[in-house]
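Below is one structure, written out as structure tokens; the observations come after it.
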Amino acid sequence: MGDTLGHDDVTTLLQALVSIDSVNSSLVPGGAGEANMARYLMDWCAERGIPAEIDAAAPGRPSVIARVKGKGGGRSVVLNAHMDTVGVAGMPEAFSARVENGRLYGRGSYDMKGSLAACMLALADIRTSGLGGDVILAAVSDEEHASIGVQSVLKRIQADAAIVTEPTAFGLCIAHKGFSWHEITTMGRAAHGSRPDLGIDAIAHMGRVLNGLEALQGELSLRPPHPLLGHGSLHASLISGGQELSSYPETCTVAIERRTLPQETIAAVEKEFEAILQDLAAKDPQFQARQRTSLVRPPFSVPEDAPIVQTLRDQATRVLGHPPATVGAPFWMDAAFFAAAGIPTVNIGPDGAGAHSTEEWVDLDSVEKCREILALTVRVFCA
């Protein structure tokens, strides 16, 4: 990997990180994965005397856990960022790490290697501070796909708090939506297209389900909104059914995504879908359908008066010169897994644009400020 010792400058370090291809190999077949990124981080930590280890959630899918050990008596904190990126289709210079007008361009610069650089440099900044509690860097794999990295890492670490650093333009994010994926299948009866007396049209029956889903979306939009996240929502994402033009379709399946709010449970979500199906079956004895939940990612929230939130707000105010805005995120992030593990968690990150797009950049000054905010927060929280 070459010399990494001099990479305590934001621009130099971030150029090194962005130049390493770490496209998620589960998301993009043939993607490079996180192995080279993990190797670079391990070397970088070793050259600074920071103990680090690899946690492999699956073959070729490493995360890095680095730790500055405290002297005892203080609270511990995790700094978290993910190493993987989405694909680079349509980006001829995806890994060039070009710097222009205070911005660094390239795949992952904003989502979220700028954040990772801030975490790494904050860890280096405090490594000789003699803090009471441990400071842990969790640089995880696979956030852009199934989050196997953070789930594996959380089996090996414990902490009193966590700071996730997804980019927020310094918004103090204390809540985000969850999501779940569901399938509803309507069952008909296959028959020749000329025999309506024998066939039952599963696709026509699905039309009634879709009407029910549309009505449920309307009802969700009328419920009291979350103060930071607004309303829960759902949409029909994919639909398939039928065998051929001259046959009555035997089955039809719709895939649904439901975006959830804190306090909404998966049991309640499934009950909403079941109520639609039961109502339709009560109106038509020929109507048959079943539902299945295929994936659940919980929503996240943390009290505004949690110690880690208060400390981070105070130190961000010190660096920025004004209090950060308190925000929620409509998208999902690994913060939910830290919270589910019983670790009070908050999110803050740098400024930029272009996540998952063909032009992605991060503001370098904001990465430096993020580094300062993290280092100050750690010094106060882990003293």
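Each chain in the structure tokens gets a letter, A, B, ..., in the order shown, and its residues are numbered from 1; ligands are numbered from 1 in order too.
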Within 6 Å of A:Gly74 using only C-alpha atoms, minus same-chain residues under 4 positions, as JSON, numbers by chain: {"A": [132, 133, 382, 383]}
Just the selected residues (N, CA and C atoms), exported as a short mmCIF file (atom, residue, chain, number, x, y, z; two decimals), in the first residue's frame, please.
data_model
loop_
_atom_site.label_atom_id
_atom_site.label_comp_id
_atom_site.auth_asym_id
_atom_site.auth_seq_id
_atom_site.Cartn_x
_atom_site.Cartn_y
_atom_site.Cartn_z
N GLY A 132 -10.07 8.29 29.98
CA GLY A 132 -10.49 7.23 30.88
C GLY A 132 -11.12 6.05 30.16
N GLY A 133 -11.92 6.36 29.12
CA GLY A 133 -12.65 5.32 28.42
C GLY A 133 -12.05 4.98 27.07
N CYS A 382 -15.29 10.73 26.99
CA CYS A 382 -14.49 9.60 27.50
C CYS A 382 -13.46 10.02 28.55
N ALA A 383 -13.53 11.25 29.00
CA ALA A 383 -12.52 11.75 29.95
C ALA A 383 -12.42 10.88 31.20
#
Per residue of stretch 237-270 of chain A within 6 Å of stretch 187-195 of chain A, record the nearest atom pair and its distance in Å to one decimal, counting only C-alpha atoms, with rows in chain order and ascending residue number, as CSV.
residue,atom,partner,partner_atom,distance
A:Ser246,CA,A:Gly193,CA,4.7
A:Ser247,CA,A:Gly193,CA,4.6
A:Tyr248,CA,A:Ala190,CA,5.0
A:Pro249,CA,A:Ala190,CA,5.6
A:Glu250,CA,A:Gly188,CA,4.5
A:Thr251,CA,A:Met187,CA,4.7
Restricting the calculation to only C-alpha atoms: of A:Ala306, A:Ala146, A:Ala275, A:Val367, which residue gets closest to A:Leu13? A:Val367
Return the single residue from A:Ala255, A:Cys45, A:Cys370, A:Leu198 that is closest to A:Gly171, with distances computed using only C-alpha atoms. A:Cys370
So how many Å separate atom CA of A:Leu376 and atom CA of A:Thr168, to one decimal? 18.4 Å
